[in-house]
file run.txt (compact mmCIF, C-alpha atoms and all ligand atoms)
# COMPACT_ATOMS: atom_id res chain seq x y z
CA MET A 198 119.14 99.32 131.87
CA THR A 199 116.90 97.93 134.56
CA ALA A 200 113.40 99.31 134.42
CA LEU A 201 111.78 101.16 137.28
CA LEU A 202 108.68 99.45 138.55
CA LEU A 203 105.27 101.03 137.98
CA ASN A 204 103.91 99.79 141.26
CA GLY A 205 100.12 99.65 140.96
CA LYS A 206 99.72 98.01 144.33
CA GLU A 207 101.40 100.92 146.09
CA LEU A 208 99.52 103.60 144.15
CA ALA A 209 96.24 101.75 144.68
CA SER A 210 96.75 101.67 148.43
CA LYS A 211 97.66 105.37 148.51
CA LYS A 212 94.52 106.20 146.53
CA ARG A 213 92.38 104.01 148.76
CA GLU A 214 93.60 105.89 151.84
CA GLN A 215 92.52 109.13 150.17
CA LEU A 216 89.18 107.58 149.20
CA LYS A 217 88.52 106.64 152.80
CA LYS A 218 88.96 110.29 153.76
CA ASP A 219 86.70 111.41 150.91
CA VAL A 220 84.04 108.95 152.07
CA GLU A 221 84.29 110.26 155.64
CA GLN A 222 83.84 113.78 154.35
CA LEU A 223 80.75 112.77 152.41
CA ALA A 224 79.38 111.07 155.53
CA SER A 225 79.40 114.45 157.26
CA LYS A 226 76.89 115.52 154.59
CA GLN A 227 74.82 112.37 155.26
CA VAL A 228 75.93 110.83 151.97
CA VAL A 229 77.17 107.24 151.90
CA PRO A 230 78.38 106.19 148.44
CA GLY A 231 76.61 103.03 147.29
CA LEU A 232 77.67 100.47 144.70
CA ALA A 233 75.39 97.71 143.41
CA VAL A 234 77.03 94.72 141.77
CA ILE A 235 74.91 92.26 139.84
CA LEU A 236 76.37 88.79 139.43
CA VAL A 237 74.63 86.38 137.07
CA GLY A 238 75.50 82.70 137.37
CA GLU A 239 78.30 80.87 139.15
CA ASP A 240 81.44 81.66 137.11
CA PRO A 241 84.31 81.18 139.61
CA ALA A 242 86.47 84.01 138.21
CA SER A 243 83.51 86.41 138.34
CA GLN A 244 82.79 85.35 141.92
CA THR A 245 86.40 86.13 142.86
CA TYR A 246 86.28 89.57 141.19
CA VAL A 247 82.97 90.40 142.85
CA ARG A 248 84.27 89.38 146.27
CA ALA A 249 87.34 91.57 145.76
CA LYS A 250 85.11 94.52 144.86
CA GLU A 251 82.91 93.98 147.93
CA LYS A 252 85.95 93.82 150.19
CA ALA A 253 87.46 96.97 148.69
CA CYS A 254 84.17 98.83 149.16
CA GLU A 255 83.95 97.74 152.76
CA GLN A 256 87.50 98.94 153.47
CA ALA A 257 86.78 102.32 151.91
CA GLY A 258 83.47 102.75 153.76
CA ILE A 259 81.41 102.44 150.58
CA HIS A 260 78.06 100.72 150.94
CA SER A 261 77.98 97.75 148.58
CA VAL A 262 75.08 95.54 147.59
CA LEU A 263 75.62 92.24 145.83
CA ILE A 264 72.66 91.01 143.80
CA LYS A 265 73.05 87.39 142.74
CA LYS A 266 70.90 86.05 139.94
CA PRO A 267 70.72 82.55 138.49
CA ASN A 268 71.91 81.72 134.94
CA THR A 269 68.27 81.22 134.02
CA ILE A 270 67.33 84.86 134.51
CA THR A 271 65.74 86.37 131.39
CA GLU A 272 66.99 89.53 129.74
CA GLU A 273 63.73 91.26 130.66
CA GLU A 274 64.13 90.35 134.34
CA LEU A 275 67.73 91.54 134.41
CA LEU A 276 66.85 94.82 132.71
CA ALA A 277 64.02 95.31 135.25
CA GLU A 278 66.51 94.82 138.11
CA ILE A 279 68.79 97.46 136.60
CA GLU A 280 65.86 99.81 136.17
CA ARG A 281 65.01 99.39 139.85
CA LEU A 282 68.61 100.28 140.80
CA ASN A 283 68.57 103.26 138.44
CA HIS A 284 65.83 104.70 140.66
CA ASP A 285 67.33 103.66 144.01
CA SER A 286 68.64 106.85 145.59
CA SER A 287 71.06 104.96 147.89
CA ILE A 288 72.92 103.58 144.85
CA ASP A 289 75.48 105.75 143.05
CA GLY A 290 77.07 103.07 140.89
CA ILE A 291 75.73 99.99 139.12
CA LEU A 292 77.96 97.29 137.74
CA VAL A 293 76.97 94.09 135.99
CA GLN A 294 79.81 91.62 136.24
CA LEU A 295 80.73 90.39 132.78
CA PRO A 296 80.49 87.93 131.13
CA ILE A 297 76.77 87.34 131.31
CA PRO A 298 74.96 84.30 129.83
CA GLU A 299 74.74 84.27 126.03
CA HIS A 300 70.94 84.52 125.91
CA ILE A 301 71.20 88.06 127.33
CA SER A 302 72.44 90.92 125.19
CA GLU A 303 75.49 92.50 126.82
CA GLN A 304 74.86 95.71 124.91
CA ALA A 305 71.24 95.91 126.09
CA VAL A 306 72.42 95.52 129.69
CA ILE A 307 75.13 98.16 129.36
CA GLU A 308 72.72 100.59 127.75
CA LYS A 309 70.09 100.04 130.45
CA ILE A 310 72.37 101.34 133.22
CA ALA A 311 71.70 105.03 133.81
CA PRO A 312 74.74 106.90 132.43
CA ASN A 313 75.07 108.83 135.70
CA LYS A 314 75.45 105.50 137.58
CA ASP A 315 77.64 103.79 134.99
CA VAL A 316 80.79 103.57 137.11
CA ASP A 317 82.35 101.04 134.71
CA GLY A 318 82.25 103.71 131.99
CA PHE A 319 80.89 101.32 129.37
CA HIS A 320 77.66 103.14 128.41
CA PRO A 321 77.79 104.57 124.87
CA ILE A 322 77.03 108.05 126.22
CA ASN A 323 80.03 107.89 128.54
CA ILE A 324 82.23 106.41 125.81
CA GLY A 325 81.19 109.28 123.56
CA LYS A 326 82.04 111.80 126.27
CA MET A 327 85.41 110.16 126.80
CA MET A 328 86.08 110.51 123.07
CA THR A 329 85.25 114.19 123.05
CA GLY A 330 87.25 114.72 126.22
CA GLU A 331 84.26 115.71 128.37
CA ASP A 332 84.12 115.04 132.07
CA THR A 333 82.66 111.54 132.58
CA PHE A 334 83.18 108.11 134.18
CA LEU A 335 86.27 106.62 132.58
CA PRO A 336 86.56 102.84 132.16
CA CYS A 337 88.42 101.57 135.21
CA THR A 338 91.38 99.66 133.73
CA PRO A 339 92.38 102.31 131.17
CA PHE A 340 91.82 105.04 133.78
CA GLY A 341 94.13 103.12 136.15
CA VAL A 342 96.82 102.80 133.46
CA VAL A 343 96.89 106.54 132.80
CA GLU A 344 96.92 107.30 136.54
CA MET A 345 99.99 105.08 136.94
CA LEU A 346 101.82 106.87 134.13
CA LYS A 347 100.95 110.25 135.65
CA GLU A 348 102.01 109.19 139.14
CA ALA A 349 105.44 108.25 137.75
CA GLU A 350 105.54 111.66 135.98
CA ILE A 351 105.96 109.99 132.61
CA ASP A 352 105.45 112.50 129.79
CA ILE A 353 102.67 111.26 127.55
CA ALA A 354 102.30 114.25 125.21
CA GLY A 355 104.02 113.75 121.87
CA LYS A 356 105.00 110.16 122.68
CA HIS A 357 104.24 107.28 120.36
CA ALA A 358 101.93 104.92 122.23
CA VAL A 359 101.33 101.50 120.72
CA VAL A 360 98.36 99.57 122.07
CA VAL A 361 98.25 95.82 121.50
CA GLY A 362 94.62 94.63 121.75
CA ARG A 363 91.44 96.49 120.81
CA SER A 364 88.75 95.28 123.20
CA ASN A 365 86.01 97.69 124.22
CA ILE A 366 86.99 97.49 127.87
CA VAL A 367 90.78 97.86 127.61
CA GLY A 368 92.49 98.36 124.24
CA LYS A 369 90.21 100.91 122.59
CA PRO A 370 89.63 103.13 125.62
CA VAL A 371 93.26 103.09 126.79
CA GLY A 372 94.31 104.31 123.33
CA GLN A 373 91.66 107.03 123.47
CA LEU A 374 92.78 108.23 126.91
CA LEU A 375 96.40 108.38 125.73
CA LEU A 376 95.26 110.34 122.67
CA ASN A 377 93.40 112.71 125.01
CA GLU A 378 96.76 113.16 126.77
CA ASN A 379 98.27 114.10 123.37
CA ALA A 380 100.10 110.87 122.59
CA THR A 381 100.31 109.67 118.99
CA VAL A 382 98.48 106.35 119.14
CA THR A 383 98.81 103.20 117.06
CA TYR A 384 96.28 100.41 117.65
CA THR A 385 97.26 96.84 116.86
CA HIS A 386 95.33 93.57 117.07
CA SER A 387 95.24 89.98 115.88
CA ARG A 388 94.97 91.03 112.20
CA THR A 389 97.90 93.46 112.34
CA LYS A 390 100.52 92.34 109.84
CA ASN A 391 103.74 93.86 111.15
CA LEU A 392 102.94 93.76 114.85
CA ARG A 393 106.45 93.29 116.18
CA GLU A 394 107.83 96.10 113.99
CA LEU A 395 105.20 98.41 115.44
CA THR A 396 105.77 97.44 119.07
CA ASN A 397 109.44 98.25 118.50
CA LEU A 398 108.50 101.83 117.63
CA ALA A 399 106.62 102.40 120.90
CA ASP A 400 107.74 104.93 123.48
CA ILE A 401 104.80 103.68 125.54
CA LEU A 402 103.70 100.09 124.92
CA ILE A 403 100.39 98.89 126.34
CA VAL A 404 99.72 95.18 126.01
CA ALA A 405 96.22 93.78 126.60
CA ILE A 406 95.66 90.55 124.69
CA GLY A 407 95.46 87.69 127.19
CA LYS A 408 98.42 85.67 125.83
CA PRO A 409 101.03 84.70 128.44
CA GLU A 410 104.42 86.39 127.93
CA PHE A 411 103.64 87.21 124.30
CA VAL A 412 105.86 90.30 124.24
CA GLY A 413 109.57 89.68 124.72
CA ALA A 414 112.65 91.90 124.88
CA GLU A 415 113.07 91.71 121.09
CA ASP A 416 109.66 93.41 120.67
CA VAL A 417 110.49 96.40 122.82
CA LYS A 418 112.50 99.55 122.10
CA GLU A 419 115.33 100.37 124.49
CA GLY A 420 113.96 102.71 127.17
CA ALA A 421 110.27 102.15 126.41
CA VAL A 422 107.57 102.35 129.07
CA VAL A 423 105.83 98.97 129.14
CA VAL A 424 102.39 98.48 130.67
CA ASP A 425 101.19 94.89 130.90
CA VAL A 426 97.43 94.61 131.36
CA GLY A 427 97.29 90.86 130.78
CA ILE A 428 96.30 88.44 133.51
CA ASN A 429 96.90 84.79 132.63
CA ARG A 430 96.96 81.78 134.90
CA VAL A 431 99.77 79.40 133.96
CA ASP A 432 100.43 76.35 136.17
CA GLY A 433 98.57 78.06 138.99
CA LYS A 434 100.69 81.22 138.70
CA LEU A 435 99.60 84.64 137.44
CA VAL A 436 101.60 85.94 134.49
CA GLY A 437 101.11 88.90 132.20
CA ASP A 438 101.22 89.29 128.43
CA VAL A 439 104.81 90.53 128.72
CA ASP A 440 107.86 88.44 129.55
CA PHE A 441 108.74 90.55 132.57
CA ASP A 442 112.18 89.06 133.25
CA SER A 443 113.62 89.81 129.82
CA VAL A 444 111.78 93.08 129.13
CA LYS A 445 112.72 94.66 132.46
CA ASP A 446 116.34 94.91 131.28
CA LYS A 447 115.36 96.94 128.23
CA ALA A 448 112.44 99.09 129.35
CA SER A 449 112.68 102.30 131.39
CA TYR A 450 109.47 101.52 133.31
CA ILE A 451 107.45 98.33 133.55
CA THR A 452 104.36 97.10 135.40
CA PRO A 453 104.64 93.78 137.22
CA VAL A 454 101.94 91.08 137.15
CA PRO A 455 100.53 90.73 139.72
CA GLY A 456 100.81 94.09 141.48
CA GLY A 457 100.67 96.37 138.43
CA VAL A 458 97.49 97.30 136.58
CA GLY A 459 95.28 94.79 138.45
CA PRO A 460 95.03 96.61 141.81
CA MET A 461 94.35 99.90 140.02
CA THR A 462 91.22 98.63 138.29
CA ILE A 463 89.14 98.16 141.44
CA THR A 464 90.54 101.36 142.90
CA MET A 465 89.31 103.37 139.93
CA LEU A 466 85.90 101.71 140.31
CA LEU A 467 85.79 102.99 143.91
CA GLU A 468 86.93 106.41 142.72
CA ASN A 469 84.15 106.53 140.12
CA THR A 470 81.59 105.51 142.77
CA VAL A 471 82.72 108.26 145.13
CA LEU A 472 82.71 110.74 142.25
CA SER A 473 79.12 109.74 141.49
CA ALA A 474 78.10 110.13 145.16
CA ARG A 475 79.73 113.54 145.30
CA LYS A 476 77.48 114.67 142.48
CA ARG A 477 74.39 114.01 144.61
CA SER A 478 75.87 115.59 147.77
P1 LIG B 1 89.80 90.40 124.80
O1 LIG B 1 89.93 88.93 124.62
O2 LIG B 1 88.45 91.03 124.81
O3 LIG B 1 90.63 91.13 123.64
C1 LIG B 1 91.90 90.68 123.30
C2 LIG B 1 92.47 91.58 122.22
O4 LIG B 1 93.78 91.11 121.93
C3 LIG B 1 91.68 91.55 120.92
O5 LIG B 1 91.56 92.86 120.42
C4 LIG B 1 92.53 90.68 120.00
O6 LIG B 1 92.49 91.06 118.64
C5 LIG B 1 93.91 90.96 120.54
N1 LIG B 1 94.82 89.84 120.26
C6 LIG B 1 94.65 88.54 120.57
N2 LIG B 1 95.69 87.80 120.14
C7 LIG B 1 96.54 88.66 119.56
C8 LIG B 1 97.79 88.52 118.92
N3 LIG B 1 98.37 87.32 118.80
N4 LIG B 1 98.38 89.62 118.42
C9 LIG B 1 97.80 90.82 118.52
N5 LIG B 1 96.61 91.03 119.14
C10 LIG B 1 95.99 89.96 119.64
O7 LIG B 1 90.61 90.73 126.10
P2 LIG B 1 90.54 91.96 127.15
O8 LIG B 1 90.91 93.22 126.47
O9 LIG B 1 89.29 91.89 127.91
O10 LIG B 1 91.71 91.51 128.13
C11 LIG B 1 93.04 91.42 127.70
C12 LIG B 1 93.88 90.92 128.86
O11 LIG B 1 93.82 91.84 129.92
C13 LIG B 1 93.41 89.59 129.46
O12 LIG B 1 94.54 88.88 129.91
C14 LIG B 1 92.57 90.02 130.64
O13 LIG B 1 92.53 89.03 131.65
C15 LIG B 1 93.33 91.22 131.09
N6 LIG B 1 92.54 92.20 131.83
C16 LIG B 1 93.10 92.71 132.95
C17 LIG B 1 92.45 93.66 133.67
C18 LIG B 1 93.13 94.22 134.87
O14 LIG B 1 92.48 94.74 135.73
N7 LIG B 1 94.46 94.15 134.94
C19 LIG B 1 91.10 94.12 133.32
C20 LIG B 1 90.62 93.58 132.06
C21 LIG B 1 91.34 92.63 131.37
P3 LIG B 1 91.14 90.96 117.75
O15 LIG B 1 90.29 92.12 118.17
O16 LIG B 1 91.65 91.10 116.35
O17 LIG B 1 90.53 89.64 118.05

call {"tool": "encode", "arguments": {"input": "run.txt", "output": "structure tokens", "more": "lines below"}}
Ligand code: NDP
result
Amino acid sequence: MTALLLNGKELASKKREQLKKDVEQLASKQVVPGLAVILVGEDPASQTYVRAKEKACEQAGIHSVLIKKPNTITEEELLAEIERLNHDSSIDGILVQLPIPEHISEQAVIEKIAPNKDVDGFHPINIGKMMTGEDTFLPCTPFGVVEMLKEAEIDIAGKHAVVVGRSNIVGKPVGQLLLNENATVTYTHSRTKNLRELTNLADILIVAIGKPEFVGAEDVKEGAVVVDVGINRVDGKLVGDVDFDSVKDKASYITPVPGGVGPMTITMLLENTVLSARKRS
């Protein structure tokens, strides 16, 4: 079997075309969606992500504001900046690019963002709503994963989904969203004892650990749907957490890296920003 490709790049560009139209429609009501991105320090990877977000906003017609702060900023100053944006009526979404310096509490920052502007979906109130299945901002990467599965008309209900990785931004929420779609979900992590036995039971396998090509063909059930969230740079090349070349011959669907989950993440951020703007229109 050769797996069909879950092409995130293609779906992302289709969604961005639709977003452009949605933004034009909002403009006719004098509403321009606005996203504020706060970048603290000079981390090169963060700078790249922030630039990509700015560019995507520009292409979609979303107003974006980049606020750069030095590493020396205090927690109080950063929280005050967020508070200012919470009250800025031209801003529908606020995002603080992570990681932030260690002297600032990540949790305090996340909790300072007004839940109705939390387009990353990290605020405890929005996480709680996601858990109870209420309408809310969903975290962008997990949201993108589920959108890809739906686009390919993959049945999620009743399937056994195994999630490898339990971070707050990917593993935990992606499992929750699959549960909301009626999958039976198993979470695994670095302390899981029989990891490879469990991955072999997965109808839908989501891998988000940050270890290059960790999952091979022997870890995957024949016909499984394999979603690789990992982004690792090896010898200047981007590779996922899944050994694409061997797994593609066993899976029914697989995401490539790059061009799979990655392009969906920013797209879902734009979608959340437009959703937020629509609420004020
Ligand atoms: P974290 O480092 O926050 O979490 C990694 C998780 O993987 C942890 O839960 C950890 O377990 C688990 N883990 C690590 N090693 C193993 C192992 N050997 N066996 C089983 N589980 C293991 O990473 P993130 O969730 O933030 O990111 C994961 C990957 O996804 C990274 O490559 C990242 O770059 C990528 N990513 C991609 C995005 C995209 O847009 N495509 C967006 C966000 C992330 P434990 O909790 O026990 O330590």

call {"tool": "residues_near_point", "arguments": {"input": "run.txt", "point": "(82.2, 109.1, 143.2)", "cutoff": "12 Å", "atoms": "only C-alpha atoms", "output": "PyMOL selection string"}}
result
chain A and resi 216-217+219-220+223+228-232+257+259+288-291+313-317+333-335+464-478

call {"tool": "atom_distance", "arguments": {"input": "run.txt", "atom1": "atom O12 of ligand LIG 1 (chain B)", "atom2": "atom CA of A:Arg430"}}
result
9.0 Å

call {"tool": "closest_residue", "arguments": {"input": "run.txt", "among": "A:Thr385, A:Gln294, A:Asn429, A:Asn391", "to": "A:Pro409", "atoms": "all atoms listed in the file"}}
result
A:Asn429

call {"tool": "residues_around", "arguments": {"input": "run.txt", "residues": "A:Pro321", "least_positions_apart": "6", "cutoff": "9 Å", "atoms": "all atoms listed in the file", "output": "VMD selection string"}}
result
chain A and resid 307 to 308 312

call {"tool": "write_last_selection", "arguments": {"input": "run.txt", "atoms": "C-alpha atoms", "output": "CSV table (one decimal), keeping the file's coordinate frame"}}
result
chain,number,residue,atom,x,y,z
A,307,ILE,CA,75.1,98.2,129.4
A,308,GLU,CA,72.7,100.6,127.8
A,312,PRO,CA,74.7,106.9,132.4

call {"tool": "residues_near_ligand", "arguments": {"input": "run.txt", "ligand": "ligand LIG 1 (chain B)", "cutoff": "8 Å", "atoms": "only C-alpha atoms and all ligand atoms", "output": "ChimeraX atom specification"}}
result
/A:337-338,361-368,385-389,392,404-409,411,425-429,437-438,457-463

call {"tool": "closest_residue", "arguments": {"input": "run.txt", "among": "A:His284, A:His357, A:Lys418, A:Lys250", "to": "A:Ser449", "atoms": "all atoms listed in the file"}}
result
A:Lys418

call {"tool": "atom_distance", "arguments": {"input": "run.txt", "atom1": "atom CA of A:Ala414", "atom2": "atom CA of A:Val360"}}
result
16.5 Å

call {"tool": "closest_residue", "arguments": {"input": "run.txt", "among": "A:Val237, A:Lys356, A:Val262, A:Ala209", "to": "A:His300", "atoms": "only C-alpha atoms"}}
result
A:Val237

call {"tool": "residues_near_point", "arguments": {"input": "run.txt", "point": "(110.0, 87.9, 128.5)", "cutoff": "12 Å", "atoms": "all atoms listed in the file", "output": "JSON, numbers by chain"}}
result
{"A": [409, 410, 411, 412, 413, 414, 415, 416, 417, 423, 425, 436, 437, 438, 439, 440, 441, 442, 443, 444, 445, 446, 447, 448, 451, 453]}

call {"tool": "atom_distance", "arguments": {"input": "run.txt", "atom1": "atom CA of A:Leu395", "atom2": "atom CA of A:Pro455"}}
result
25.9 Å

call {"tool": "closest_residue", "arguments": {"input": "run.txt", "among": "A:Lys206, A:Glu221, A:Asn283, A:Glu273", "to": "A:Ala233", "atoms": "only C-alpha atoms"}}
result
A:Asn283

call {"tool": "closest_residue", "arguments": {"input": "run.txt", "among": "A:Asp285, A:Asp352, A:Glu299, A:Glu394", "to": "A:Glu378", "atoms": "all atoms listed in the file"}}
result
A:Asp352

call {"tool": "closest_residue", "arguments": {"input": "run.txt", "among": "A:Ala399, A:Gly433, A:Leu295, A:Leu275", "to": "A:Ser243", "atoms": "all atoms listed in the file"}}
result
A:Leu295
